[in-house]
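Here is start25.txt, consisting of compact mmCIF, C-alpha atoms:
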# COMPACT_ATOMS: atom_id res chain seq x y z
CA MET A 197 16.68 21.62 -0.05
CA LYS A 198 13.48 19.91 0.95
CA LYS A 199 10.47 21.58 2.44
CA SER A 200 9.13 20.20 5.74
CA LEU A 201 5.42 19.40 5.47
CA GLY A 202 4.89 18.19 9.04
CA PRO A 203 3.62 14.79 10.25
CA ASN A 204 1.07 13.64 7.69
CA THR A 205 -0.07 10.61 5.71
CA LEU A 206 1.54 11.82 2.50
CA ALA A 207 2.77 8.49 1.13
CA GLN A 208 2.35 7.59 -2.53
CA PRO A 209 0.95 5.50 -4.09
CA THR A 210 -1.89 4.22 -1.91
CA PRO A 211 -4.53 1.73 -3.07
CA VAL A 212 -8.30 1.97 -3.28
CA TRP A 213 -9.68 -1.23 -1.84
CA LEU A 214 -13.21 -2.09 -0.83
CA VAL A 215 -13.19 -4.21 2.30
CA GLY A 216 -16.08 -6.65 2.35
CA ALA A 217 -17.58 -7.95 5.60
CA PHE A 218 -20.85 -9.27 7.03
CA ASP A 219 -22.29 -7.26 9.90
CA GLU A 220 -24.03 -8.70 12.96
CA ALA A 221 -27.33 -8.88 11.04
CA GLY A 222 -25.66 -10.80 8.25
CA GLN A 223 -25.86 -7.81 5.94
CA PRO A 224 -22.95 -7.57 3.46
CA ASN A 225 -21.10 -4.28 3.69
CA LEU A 226 -18.23 -2.53 1.91
CA ALA A 227 -15.75 -0.05 3.36
CA THR A 228 -13.41 1.83 1.06
CA VAL A 229 -9.86 2.06 2.38
CA ALA A 230 -6.59 3.54 1.16
CA TRP A 231 -4.74 2.55 4.33
CA GLY A 232 -3.49 -0.94 3.57
CA GLY A 233 -0.89 -3.09 1.89
CA ILE A 234 0.60 -6.51 1.53
CA CYS A 235 2.46 -7.32 4.74
CA CYS A 236 3.84 -10.85 4.39
CA SER A 237 4.80 -13.31 1.65
CA LYS A 238 4.65 -16.61 3.57
CA PRO A 239 1.86 -16.96 4.40
CA PRO A 240 0.52 -14.31 2.03
CA CYS A 241 -1.05 -11.59 4.16
CA VAL A 242 -2.63 -8.22 3.54
CA SER A 243 -3.42 -5.45 6.00
CA VAL A 244 -6.22 -2.88 6.03
CA ALA A 245 -6.78 -0.15 8.61
CA LEU A 246 -10.18 0.97 9.87
CA ARG A 247 -11.30 3.28 12.65
CA PRO A 248 -13.27 1.61 15.48
CA ALA A 249 -16.18 3.94 14.69
CA THR A 250 -16.73 2.36 11.28
CA HIS A 251 -19.49 -0.17 10.80
CA SER A 252 -17.08 -2.71 9.31
CA HIS A 253 -14.63 -2.63 12.22
CA ASP A 254 -16.58 -4.88 14.57
CA SER A 255 -17.87 -6.99 11.70
CA ILE A 256 -14.32 -8.07 10.91
CA LEU A 257 -13.61 -8.83 14.56
CA ASP A 258 -16.82 -10.83 14.90
CA ARG A 259 -16.50 -12.87 11.73
CA LYS A 260 -12.70 -13.02 11.76
CA ALA A 261 -12.75 -12.52 8.01
CA PHE A 262 -12.82 -9.90 5.29
CA THR A 263 -12.30 -9.57 1.57
CA VAL A 264 -10.22 -7.06 -0.35
CA ASN A 265 -11.92 -5.98 -3.55
CA VAL A 266 -9.58 -4.01 -5.80
CA ALA A 267 -11.38 -0.90 -7.06
CA THR A 268 -10.88 -0.36 -10.76
CA GLU A 269 -11.32 2.59 -13.12
CA GLY A 270 -14.74 1.48 -14.26
CA PHE A 271 -16.00 1.46 -10.67
CA ALA A 272 -14.48 4.70 -9.37
CA ARG A 273 -17.85 6.24 -8.48
CA GLN A 274 -19.06 3.15 -6.66
CA ALA A 275 -15.76 2.89 -4.78
CA ASP A 276 -15.94 6.53 -3.77
CA PHE A 277 -19.55 6.17 -2.65
CA CYS A 278 -18.60 3.29 -0.36
CA GLY A 279 -16.10 5.60 1.34
CA ILE A 280 -18.71 8.30 1.91
CA ALA A 281 -21.78 6.35 3.04
CA SER A 282 -22.02 4.20 6.17
CA GLY A 283 -23.23 0.63 6.28
CA ARG A 284 -25.17 1.53 9.42
CA ASP A 285 -27.87 3.26 7.41
CA THR A 286 -27.09 2.31 3.81
CA ASP A 287 -27.13 -0.95 1.90
CA LYS A 288 -24.08 -0.09 -0.17
CA PHE A 289 -24.49 -3.06 -2.48
CA ALA A 290 -28.04 -2.01 -3.34
CA ALA A 291 -27.10 1.66 -3.67
CA THR A 292 -24.22 0.95 -6.04
CA GLY A 293 -25.79 -1.92 -7.95
CA LEU A 294 -22.92 -4.19 -6.96
CA THR A 295 -23.59 -7.85 -6.23
CA PRO A 296 -22.40 -9.56 -3.04
CA VAL A 297 -21.09 -13.10 -3.33
CA LYS A 298 -20.62 -15.09 -0.14
CA SER A 299 -17.11 -16.47 -0.06
CA GLU A 300 -16.93 -20.23 0.33
CA LEU A 301 -13.60 -19.95 2.11
CA VAL A 302 -14.08 -17.14 4.62
CA ASP A 303 -17.09 -15.61 6.35
CA ALA A 304 -17.23 -12.47 4.23
CA PRO A 305 -18.75 -11.25 0.96
CA TYR A 306 -16.91 -10.14 -2.16
CA VAL A 307 -17.98 -8.03 -5.12
CA GLU A 308 -18.98 -10.07 -8.16
CA GLN A 309 -18.30 -7.25 -10.61
CA PHE A 310 -14.77 -6.46 -9.43
CA PRO A 311 -12.12 -8.31 -11.45
CA LEU A 312 -9.66 -8.99 -8.61
CA ILE A 313 -10.54 -9.98 -5.06
CA LEU A 314 -8.69 -11.45 -2.07
CA GLU A 315 -10.41 -13.66 0.51
CA CYS A 316 -8.85 -13.19 3.93
CA ARG A 317 -9.03 -14.85 7.31
CA LEU A 318 -8.23 -12.47 10.16
CA GLN A 319 -4.83 -13.40 11.55
CA GLN A 320 -4.52 -10.60 14.07
CA SER A 321 -5.65 -7.06 14.75
CA VAL A 322 -3.22 -4.40 15.90
CA ALA A 323 -4.08 -1.13 17.65
CA VAL A 324 -1.94 1.51 15.98
CA GLY A 325 -3.54 4.73 17.23
CA GLY A 326 -6.88 5.95 15.99
CA HIS A 327 -7.01 2.99 13.60
CA THR A 328 -7.04 -0.76 14.00
CA LEU A 329 -4.83 -2.60 11.55
CA PHE A 330 -6.45 -5.85 10.47
CA ILE A 331 -3.96 -8.40 9.18
CA GLY A 332 -5.57 -11.05 7.07
CA GLU A 333 -4.12 -14.24 5.70
CA ILE A 334 -5.00 -14.45 2.02
CA MET A 335 -6.73 -17.81 1.65
CA ASP A 336 -7.43 -17.37 -2.06
CA VAL A 337 -7.30 -14.81 -4.82
CA LYS A 338 -10.02 -14.82 -7.44
CA ALA A 339 -9.86 -12.95 -10.72
CA ASP A 340 -11.81 -12.58 -13.91
CA LYS A 341 -10.12 -14.44 -16.75
CA SER A 342 -10.29 -11.25 -18.80
CA VAL A 343 -7.66 -9.56 -16.59
CA LEU A 344 -5.11 -12.39 -16.59
CA SER A 345 -1.74 -12.28 -18.32
CA PRO A 346 -0.61 -15.18 -20.54
CA GLU A 347 1.13 -16.56 -17.42
CA GLY A 348 -2.22 -16.62 -15.62
CA TYR A 349 -1.75 -13.70 -13.20
CA PRO A 350 -3.67 -10.42 -12.96
CA HIS A 351 -2.05 -7.88 -15.30
CA ILE A 352 -2.24 -4.35 -13.98
CA GLU A 353 -2.97 -2.92 -17.43
CA LYS A 354 -6.04 -5.15 -17.61
CA VAL A 355 -7.16 -4.81 -13.99
CA ARG A 356 -6.70 -1.02 -14.11
CA PRO A 357 -6.73 -0.41 -10.35
CA ILE A 358 -7.26 3.07 -8.95
CA ILE A 359 -4.51 4.96 -7.14
CA PHE A 360 -5.35 7.38 -4.35
CA THR A 361 -3.32 10.41 -3.30
CA PRO A 362 -3.77 11.17 0.40
CA VAL A 363 -4.60 14.74 1.48
CA LEU A 364 -5.12 16.01 -2.07
CA ARG A 365 -7.65 13.20 -2.46
CA ASN A 366 -7.06 12.56 -6.15
CA TYR A 367 -7.84 9.34 -7.99
CA HIS A 368 -5.54 8.32 -10.83
CA GLY A 369 -5.20 5.36 -13.13
CA VAL A 370 -2.13 3.28 -13.88
CA GLY A 371 0.26 4.62 -16.52
CA GLY A 372 2.89 3.18 -18.80
CA TYR A 373 5.17 0.20 -18.30
CA LEU A 374 8.55 1.20 -16.88
CA GLY A 375 10.42 -2.08 -16.75
CA GLN A 376 10.84 -5.42 -15.08
CA ALA A 377 11.55 -5.61 -11.36
CA PHE A 378 14.53 -7.61 -10.11
CA SER A 379 16.00 -6.97 -13.54
CA ILE A 380 16.43 -3.34 -14.61
CA GLY A 381 18.66 -2.63 -11.61
CA LYS A 382 21.19 -5.30 -12.55
CA GLU A 383 23.05 -2.94 -14.84
CA LEU A 384 24.20 -1.01 -11.74
CA LYS A 385 25.94 -4.09 -10.34
CA MET B 1287 -17.26 -16.70 -12.99
CA LYS B 1288 -13.93 -15.97 -11.37
CA LYS B 1289 -10.87 -18.14 -11.58
CA SER B 1290 -9.24 -19.24 -8.33
CA LEU B 1291 -5.55 -18.35 -8.29
CA GLY B 1292 -4.71 -19.77 -4.87
CA PRO B 1293 -3.25 -17.98 -1.82
CA ASN B 1294 -0.87 -15.35 -3.16
CA THR B 1295 0.20 -11.74 -2.73
CA LEU B 1296 -1.70 -10.57 -5.81
CA ALA B 1297 -2.93 -7.21 -4.53
CA GLN B 1298 -2.77 -4.10 -6.71
CA PRO B 1299 -1.43 -1.47 -6.61
CA THR B 1300 1.61 -1.85 -4.36
CA PRO B 1301 4.22 0.87 -3.79
CA VAL B 1302 7.96 0.92 -4.40
CA TRP B 1303 9.54 2.43 -1.32
CA LEU B 1304 13.16 2.50 -0.29
CA VAL B 1305 13.44 2.02 3.45
CA GLY B 1306 16.41 3.91 4.87
CA ALA B 1307 18.19 2.80 8.04
CA PHE B 1308 21.60 2.94 9.72
CA ASP B 1309 23.22 -0.41 10.43
CA GLU B 1310 25.24 -1.30 13.53
CA ALA B 1311 28.36 0.19 11.96
CA GLY B 1312 26.53 3.42 11.26
CA GLN B 1313 26.47 2.72 7.54
CA PRO B 1314 23.38 4.09 5.77
CA ASN B 1315 21.44 1.41 3.91
CA LEU B 1316 18.40 1.18 1.66
CA ALA B 1317 15.95 -1.71 1.30
CA THR B 1318 13.38 -1.68 -1.48
CA VAL B 1319 9.95 -2.83 -0.36
CA ALA B 1320 6.55 -3.23 -1.99
CA TRP B 1321 4.99 -4.62 1.18
CA GLY B 1322 3.78 -1.55 3.02
CA GLY B 1323 1.13 1.11 3.36
CA ILE B 1324 -0.28 3.88 5.49
CA CYS B 1325 -1.87 2.29 8.57
CA CYS B 1326 -3.17 5.14 10.74
CA SER B 1327 -4.26 8.77 10.40
CA LYS B 1328 -3.86 9.97 14.00
CA PRO B 1329 -1.02 9.77 14.62
CA PRO B 1330 0.06 9.38 11.00
CA CYS B 1331 1.72 5.98 10.67
CA VAL B 1332 3.13 3.90 7.86
CA SER B 1333 4.05 0.23 7.82
CA VAL B 1334 6.75 -1.63 5.92
CA ALA B 1335 7.43 -5.36 6.01
CA LEU B 1336 10.88 -6.93 5.93
CA ARG B 1337 12.15 -10.46 6.40
CA PRO B 1338 14.39 -11.03 9.46
CA ALA B 1339 17.17 -12.16 7.11
CA THR B 1340 17.50 -8.71 5.56
CA HIS B 1341 20.28 -6.41 6.66
CA SER B 1342 17.84 -3.59 7.41
CA HIS B 1343 15.62 -5.65 9.71
CA ASP B 1344 17.83 -5.46 12.80
CA SER B 1345 18.94 -1.93 11.95
CA ILE B 1346 15.37 -0.71 12.36
CA LEU B 1347 14.96 -2.60 15.63
CA ASP B 1348 18.27 -1.21 16.96
CA ARG B 1349 17.74 2.41 15.97
CA LYS B 1350 13.95 2.40 16.37
CA ALA B 1351 13.70 4.49 13.25
CA PHE B 1352 13.48 4.32 9.46
CA THR B 1353 12.67 6.52 6.52
CA VAL B 1354 10.37 5.83 3.58
CA ASN B 1355 11.77 7.18 0.35
CA VAL B 1356 9.20 7.11 -2.44
CA ALA B 1357 10.80 5.67 -5.59
CA THR B 1358 10.01 7.70 -8.67
CA GLU B 1359 10.16 7.06 -12.40
CA GLY B 1360 13.53 8.74 -12.79
CA PHE B 1361 15.07 6.42 -10.21
CA ALA B 1362 13.56 3.08 -11.25
CA ARG B 1363 16.94 1.44 -11.87
CA GLN B 1364 18.37 2.61 -8.55
CA ALA B 1365 15.25 1.45 -6.72
CA ASP B 1366 15.40 -1.95 -8.37
CA PHE B 1367 19.10 -2.30 -7.58
CA CYS B 1368 18.40 -1.68 -3.89
CA GLY B 1369 15.99 -4.61 -3.96
CA ILE B 1370 18.56 -6.94 -5.53
CA ALA B 1371 21.77 -6.12 -3.65
CA SER B 1372 22.30 -6.56 0.11
CA GLY B 1373 23.62 -3.90 2.46
CA ARG B 1374 25.77 -6.61 4.04
CA ASP B 1375 28.26 -6.52 1.19
CA THR B 1376 27.24 -3.44 -0.81
CA ASP B 1377 27.23 0.27 -0.09
CA LYS B 1378 24.00 0.90 -1.96
CA PHE B 1379 24.29 4.66 -1.77
CA ALA B 1380 27.72 4.55 -3.38
CA ALA B 1381 26.67 1.99 -5.97
CA THR B 1382 23.64 3.99 -7.06
CA GLY B 1383 25.13 7.46 -6.71
CA LEU B 1384 22.41 8.43 -4.25
CA THR B 1385 23.27 10.72 -1.34
CA PRO B 1386 22.35 9.84 2.26
CA VAL B 1387 21.15 12.66 4.49
CA LYS B 1388 20.97 12.02 8.23
CA SER B 1389 17.53 12.90 9.49
CA GLU B 1390 17.51 15.47 12.26
CA LEU B 1391 14.31 13.99 13.67
CA VAL B 1392 14.89 10.24 13.66
CA ASP B 1393 17.98 8.04 13.70
CA ALA B 1394 17.87 7.09 10.02
CA PRO B 1395 19.08 8.37 6.65
CA TYR B 1396 16.98 9.55 3.75
CA VAL B 1397 17.75 9.96 0.05
CA GLU B 1398 18.57 13.51 -0.95
CA GLN B 1399 17.62 13.01 -4.60
CA PHE B 1400 14.17 11.52 -3.95
CA PRO B 1401 11.42 14.15 -4.03
CA LEU B 1402 9.22 12.72 -1.27
CA ILE B 1403 10.41 11.15 1.98
CA LEU B 1404 8.85 10.21 5.33
CA GLU B 1405 10.82 10.22 8.57
CA CYS B 1406 9.51 7.57 10.95
CA ARG B 1407 10.01 6.61 14.56
CA LEU B 1408 9.37 2.91 15.18
CA GLN B 1409 6.11 2.59 17.10
CA GLN B 1410 5.93 -1.19 17.15
CA SER B 1411 6.99 -4.28 15.24
CA VAL B 1412 4.57 -7.09 14.54
CA ALA B 1413 5.49 -10.67 13.62
CA VAL B 1414 3.14 -11.63 10.80
CA GLY B 1415 4.73 -14.84 9.49
CA GLY B 1416 7.95 -14.81 7.50
CA HIS B 1417 7.96 -11.02 7.65
CA THR B 1418 8.13 -8.46 10.42
CA LEU B 1419 5.79 -5.52 9.97
CA PHE B 1420 7.41 -2.33 11.18
CA ILE B 1421 4.92 0.36 12.09
CA GLY B 1422 6.44 3.79 12.15
CA GLU B 1423 4.97 7.06 13.32
CA ILE B 1424 5.56 9.67 10.65
CA MET B 1425 7.36 12.49 12.45
CA ASP B 1426 7.75 14.62 9.34
CA VAL B 1427 7.33 14.52 5.59
CA LYS B 1428 9.83 16.33 3.41
CA ALA B 1429 9.36 17.09 -0.25
CA ASP B 1430 11.05 18.98 -3.04
CA LYS B 1431 9.20 22.20 -3.79
CA SER B 1432 9.11 21.17 -7.44
CA VAL B 1433 6.60 18.36 -6.69
CA LEU B 1434 4.16 20.41 -4.62
CA SER B 1435 0.66 21.36 -5.74
CA PRO B 1436 -0.55 24.96 -5.40
CA GLU B 1437 -2.00 23.90 -2.01
CA GLY B 1438 1.49 22.84 -0.90
CA TYR B 1439 1.10 19.05 -0.97
CA PRO B 1440 2.93 16.48 -3.11
CA HIS B 1441 1.07 16.09 -6.39
CA ILE B 1442 1.27 12.56 -7.75
CA GLU B 1443 1.68 13.78 -11.34
CA LYS B 1444 4.79 15.65 -10.26
CA VAL B 1445 6.17 13.05 -7.86
CA ARG B 1446 5.60 10.28 -10.41
CA PRO B 1447 5.90 7.33 -7.99
CA ILE B 1448 6.44 3.82 -9.28
CA ILE B 1449 3.77 1.13 -8.97
CA PHE B 1450 4.77 -2.51 -8.54
CA THR B 1451 2.73 -5.53 -9.60
CA PRO B 1452 3.44 -8.54 -7.36
CA VAL B 1453 4.27 -11.89 -8.96
CA LEU B 1454 4.46 -10.49 -12.52
CA ARG B 1455 7.04 -8.06 -11.15
CA ASN B 1456 6.19 -5.16 -13.44
CA TYR B 1457 6.91 -1.51 -12.76
CA HIS B 1458 4.42 1.06 -14.01
CA GLY B 1459 4.00 4.78 -13.75
CA VAL B 1460 0.93 6.75 -12.71
CA GLY B 1461 -1.70 7.42 -15.37
CA GLY B 1462 -4.44 9.93 -15.92
CA TYR B 1463 -6.58 11.74 -13.41
CA LEU B 1464 -9.88 9.97 -12.74
CA GLY B 1465 -11.63 12.30 -10.33
CA GLN B 1466 -11.82 13.69 -6.84
CA ALA B 1467 -12.23 11.35 -3.87
CA PHE B 1468 -15.04 11.94 -1.38
CA SER B 1469 -16.80 13.68 -4.24
CA ILE B 1470 -17.43 11.66 -7.41
CA GLY B 1471 -19.43 9.07 -5.47
CA LYS B 1472 -21.94 11.62 -4.20
CA GLU B 1473 -24.04 11.31 -7.31
CA LEU B 1474 -25.01 7.80 -6.19
CA LYS B 1475 -26.51 9.14 -2.96
Translate the structure of the given file into structure tokens.
Amino acid sequence: MKKSLGPNTLAQPTPVWLVGAFDEAGQPNLATVAWGGICCSKPPCVSVALRPATHSHDSILDRKAFTVNVATEGFARQADFCGIASGRDTDKFAATGLTPVKSELVDAPYVEQFPLILECRLQQSVAVGGHTLFIGEIMDVKADKSVLSPEGYPHIEKVRPIIFTPVLRNYHGVGGYLGQAFSIGKELK
Amino acid sequence: MKKSLGPNTLAQPTPVWLVGAFDEAGQPNLATVAWGGICCSKPPCVSVALRPATHSHDSILDRKAFTVNVATEGFARQADFCGIASGRDTDKFAATGLTPVKSELVDAPYVEQFPLILECRLQQSVAVGGHTLFIGEIMDVKADKSVLSPEGYPHIEKVRPIIFTPVLRNYHGVGGYLGQAFSIGKELK
């Protein structure tokens, strides 16, 4: 027998991503989001949700671009700070010691120190309710060589992304390997 | 210096959610997705992306409802199976031994054995490319009492959701606690 918890954003896991954008003054800004996910394979697209009141919201609409910077264990404090402060009155890059790099592909900055980043061109924005869902086409993914697997892709045990629990507001790391997808279920066939 | 990996769905972390829906014959079906995320706070909404070719795609459009069943470590094989088989020729509930429960709130089934489920009414569907993004308003969240924190919310260390790594196709569990969100960043202020 399950307990009803009411309408709430209690999904698990959710990511911790820093959304990079240039504001109207050309200032690079970062917004920390947990509301987002991959939303298409071809073309590869990712979505992030922001409230219209946030400083980054109009920046993304103006520049039609954003980056997704995957927050990792070593940058948990910086990631959290970027979800507390506002770009309206804070230079978050300066405050956190992070370095903005202007993307050569899209009109947005990414974080030099983060090992995995996605450069996105705004495909469409969708009004969902109190949030706007920005859907970005992933034009390129850039990663530090130190986090790549032998096959050349980012390995989660090397990237060490942060996981956020909504409502309880906990940050966790990634745990042990459980198995290979599209494989371990075959035994049930 | 980062390495360019090209346009790809290399975000981390991504969830492993089983999307529950009734097909046109009234048969309960489950589709495993990693493309999804929370997309609004007020009202609480969650998005999941499916290709039009999937059996669940039209079911969701017809019934205007779906459930999100959070796959957990103990059900990794069942979750993976539901991403390999098709509801067109397989009764996935029967094949996995999972039990469908008809939601009393929305026209969709959820998985009795899964400790955390979201019941969603379709708010809108968005064509993104090769996928359709289904945005559902979360009408209720139901959870087993055994996974609740003292505050009454699902604790990720008890739920033990699975994390999926795109492209490398690895499943991982949740690791250690890193800190409290909206708190650990304050020291940078």
Given identical sequences, can you show me chain A least-squares superposed on chain B via all its Cα atoms in order, as a compact mmCIF listing (two decimals) with C-alpha atoms, in the coordinates of the input?
# COMPACT_ATOMS: atom_id res chain seq x y z
CA MET A 197 -17.27 -16.70 -12.99
CA LYS A 198 -13.95 -15.98 -11.36
CA LYS A 199 -10.88 -18.13 -11.59
CA SER A 200 -9.24 -19.23 -8.32
CA LEU A 201 -5.55 -18.34 -8.28
CA GLY A 202 -4.70 -19.77 -4.86
CA PRO A 203 -3.24 -17.98 -1.81
CA ASN A 204 -0.87 -15.35 -3.17
CA THR A 205 0.20 -11.73 -2.74
CA LEU A 206 -1.69 -10.57 -5.81
CA ALA A 207 -2.92 -7.20 -4.54
CA GLN A 208 -2.77 -4.10 -6.71
CA PRO A 209 -1.43 -1.46 -6.61
CA THR A 210 1.61 -1.85 -4.36
CA PRO A 211 4.22 0.86 -3.79
CA VAL A 212 7.95 0.93 -4.40
CA TRP A 213 9.54 2.42 -1.33
CA LEU A 214 13.16 2.51 -0.28
CA VAL A 215 13.45 2.04 3.46
CA GLY A 216 16.41 3.92 4.88
CA ALA A 217 18.19 2.80 8.05
CA PHE A 218 21.61 2.94 9.73
CA ASP A 219 23.21 -0.42 10.43
CA GLU A 220 25.22 -1.30 13.53
CA ALA A 221 28.37 0.20 11.96
CA GLY A 222 26.54 3.43 11.27
CA GLN A 223 26.47 2.72 7.56
CA PRO A 224 23.37 4.08 5.77
CA ASN A 225 21.44 1.41 3.92
CA LEU A 226 18.39 1.18 1.66
CA ALA A 227 15.96 -1.71 1.30
CA THR A 228 13.39 -1.68 -1.47
CA VAL A 229 9.95 -2.82 -0.36
CA ALA A 230 6.55 -3.23 -1.99
CA TRP A 231 4.99 -4.63 1.18
CA GLY A 232 3.79 -1.55 3.01
CA GLY A 233 1.13 1.10 3.38
CA ILE A 234 -0.28 3.86 5.49
CA CYS A 235 -1.86 2.30 8.57
CA CYS A 236 -3.16 5.14 10.74
CA SER A 237 -4.26 8.76 10.39
CA LYS A 238 -3.86 9.98 13.99
CA PRO A 239 -1.00 9.78 14.62
CA PRO A 240 0.07 9.39 11.00
CA CYS A 241 1.72 5.99 10.67
CA VAL A 242 3.14 3.91 7.86
CA SER A 243 4.04 0.23 7.81
CA VAL A 244 6.76 -1.63 5.92
CA ALA A 245 7.44 -5.37 6.00
CA LEU A 246 10.89 -6.94 5.93
CA ARG A 247 12.16 -10.47 6.40
CA PRO A 248 14.39 -11.03 9.46
CA ALA A 249 17.16 -12.17 7.11
CA THR A 250 17.49 -8.72 5.56
CA HIS A 251 20.28 -6.42 6.65
CA SER A 252 17.83 -3.60 7.40
CA HIS A 253 15.62 -5.65 9.72
CA ASP A 254 17.81 -5.45 12.80
CA SER A 255 18.94 -1.94 11.95
CA ILE A 256 15.37 -0.71 12.35
CA LEU A 257 14.97 -2.57 15.64
CA ASP A 258 18.26 -1.20 16.96
CA ARG A 259 17.75 2.42 15.96
CA LYS A 260 13.97 2.40 16.38
CA ALA A 261 13.71 4.50 13.24
CA PHE A 262 13.49 4.32 9.48
CA THR A 263 12.66 6.52 6.52
CA VAL A 264 10.37 5.84 3.59
CA ASN A 265 11.78 7.19 0.35
CA VAL A 266 9.21 7.12 -2.44
CA ALA A 267 10.81 5.67 -5.58
CA THR A 268 10.00 7.69 -8.66
CA GLU A 269 10.17 7.05 -12.41
CA GLY A 270 13.52 8.73 -12.79
CA PHE A 271 15.06 6.42 -10.20
CA ALA A 272 13.55 3.08 -11.24
CA ARG A 273 16.93 1.44 -11.86
CA GLN A 274 18.37 2.60 -8.56
CA ALA A 275 15.24 1.45 -6.72
CA ASP A 276 15.39 -1.94 -8.38
CA PHE A 277 19.09 -2.30 -7.59
CA CYS A 278 18.41 -1.68 -3.90
CA GLY A 279 15.98 -4.61 -3.96
CA ILE A 280 18.55 -6.94 -5.52
CA ALA A 281 21.75 -6.13 -3.63
CA SER A 282 22.30 -6.57 0.11
CA GLY A 283 23.62 -3.93 2.45
CA ARG A 284 25.78 -6.61 4.05
CA ASP A 285 28.26 -6.51 1.19
CA THR A 286 27.23 -3.44 -0.81
CA ASP A 287 27.21 0.27 -0.09
CA LYS A 288 23.98 0.90 -1.96
CA PHE A 289 24.30 4.66 -1.76
CA ALA A 290 27.74 4.55 -3.38
CA ALA A 291 26.67 1.98 -5.97
CA THR A 292 23.63 3.99 -7.05
CA GLY A 293 25.13 7.45 -6.71
CA LEU A 294 22.41 8.42 -4.24
CA THR A 295 23.25 10.71 -1.33
CA PRO A 296 22.36 9.85 2.27
CA VAL A 297 21.14 12.66 4.49
CA LYS A 298 20.98 12.04 8.23
CA SER A 299 17.53 12.92 9.47
CA GLU A 300 17.50 15.48 12.26
CA LEU A 301 14.31 13.99 13.67
CA VAL A 302 14.90 10.24 13.65
CA ASP A 303 17.99 8.04 13.70
CA ALA A 304 17.87 7.09 10.03
CA PRO A 305 19.09 8.37 6.66
CA TYR A 306 16.98 9.54 3.74
CA VAL A 307 17.75 9.94 0.06
CA GLU A 308 18.57 13.51 -0.95
CA GLN A 309 17.61 12.99 -4.59
CA PHE A 310 14.17 11.51 -3.95
CA PRO A 311 11.42 14.15 -4.03
CA LEU A 312 9.21 12.72 -1.26
CA ILE A 313 10.40 11.15 1.97
CA LEU A 314 8.84 10.22 5.32
CA GLU A 315 10.82 10.23 8.57
CA CYS A 316 9.52 7.57 10.94
CA ARG A 317 10.01 6.60 14.55
CA LEU A 318 9.37 2.91 15.17
CA GLN A 319 6.12 2.59 17.09
CA GLN A 320 5.93 -1.19 17.15
CA SER A 321 7.00 -4.26 15.24
CA VAL A 322 4.59 -7.09 14.53
CA ALA A 323 5.49 -10.68 13.62
CA VAL A 324 3.15 -11.62 10.79
CA GLY A 325 4.74 -14.81 9.48
CA GLY A 326 7.94 -14.81 7.48
CA HIS A 327 7.97 -11.01 7.64
CA THR A 328 8.14 -8.46 10.41
CA LEU A 329 5.80 -5.52 9.97
CA PHE A 330 7.43 -2.32 11.18
CA ILE A 331 4.92 0.37 12.09
CA GLY A 332 6.44 3.80 12.14
CA GLU A 333 4.98 7.05 13.33
CA ILE A 334 5.57 9.67 10.65
CA MET A 335 7.36 12.48 12.45
CA ASP A 336 7.76 14.62 9.33
CA VAL A 337 7.33 14.52 5.59
CA LYS A 338 9.84 16.33 3.43
CA ALA A 339 9.36 17.09 -0.24
CA ASP A 340 11.05 18.97 -3.03
CA LYS A 341 9.19 22.19 -3.79
CA SER A 342 9.11 21.16 -7.44
CA VAL A 343 6.61 18.35 -6.69
CA LEU A 344 4.15 20.40 -4.63
CA SER A 345 0.66 21.36 -5.73
CA PRO A 346 -0.56 24.97 -5.38
CA GLU A 347 -2.01 23.89 -2.00
CA GLY A 348 1.48 22.85 -0.88
CA TYR A 349 1.11 19.05 -0.96
CA PRO A 350 2.95 16.48 -3.10
CA HIS A 351 1.07 16.07 -6.40
CA ILE A 352 1.26 12.56 -7.75
CA GLU A 353 1.67 13.78 -11.33
CA LYS A 354 4.78 15.66 -10.24
CA VAL A 355 6.18 13.05 -7.85
CA ARG A 356 5.59 10.27 -10.40
CA PRO A 357 5.90 7.34 -7.99
CA ILE A 358 6.44 3.81 -9.29
CA ILE A 359 3.78 1.12 -8.96
CA PHE A 360 4.77 -2.51 -8.54
CA THR A 361 2.74 -5.54 -9.60
CA PRO A 362 3.46 -8.54 -7.37
CA VAL A 363 4.26 -11.91 -8.98
CA LEU A 364 4.46 -10.50 -12.51
CA ARG A 365 7.04 -8.06 -11.15
CA ASN A 366 6.18 -5.16 -13.44
CA TYR A 367 6.91 -1.51 -12.75
CA HIS A 368 4.42 1.06 -14.02
CA GLY A 369 3.99 4.79 -13.76
CA VAL A 370 0.93 6.76 -12.71
CA GLY A 371 -1.70 7.42 -15.37
CA GLY A 372 -4.46 9.93 -15.92
CA TYR A 373 -6.60 11.77 -13.40
CA LEU A 374 -9.89 9.98 -12.73
CA GLY A 375 -11.64 12.30 -10.33
CA GLN A 376 -11.83 13.69 -6.84
CA ALA A 377 -12.24 11.36 -3.88
CA PHE A 378 -15.05 11.95 -1.39
CA SER A 379 -16.80 13.69 -4.26
CA ILE A 380 -17.42 11.66 -7.42
CA GLY A 381 -19.43 9.08 -5.47
CA LYS A 382 -21.95 11.63 -4.21
CA GLU A 383 -24.05 11.31 -7.34
CA LEU A 384 -25.01 7.78 -6.20
CA LYS A 385 -26.54 9.12 -2.99
ask   = Which residue out of B:Pro1440, B:Glu1359, B:Phe1308, B:Leu1434 has the minimum interatomic distance to Phe1379 (chain B) when all atoms listed in the file are used?
value =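 Going through B:Pro1440, B:Glu1359, B:Phe1308, B:Leu1434 one by one, the smallest distance to Phe1379 (chain B) is for B:Phe1308.
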key: Nearest to chain A by atom-to-atom distance, counting only C-alpha atoms, from B:Val1319, B:Leu1384, B:Val1433, B:Met1287   =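 Using only C-alpha atoms, chain A sits closest to B:Met1287.
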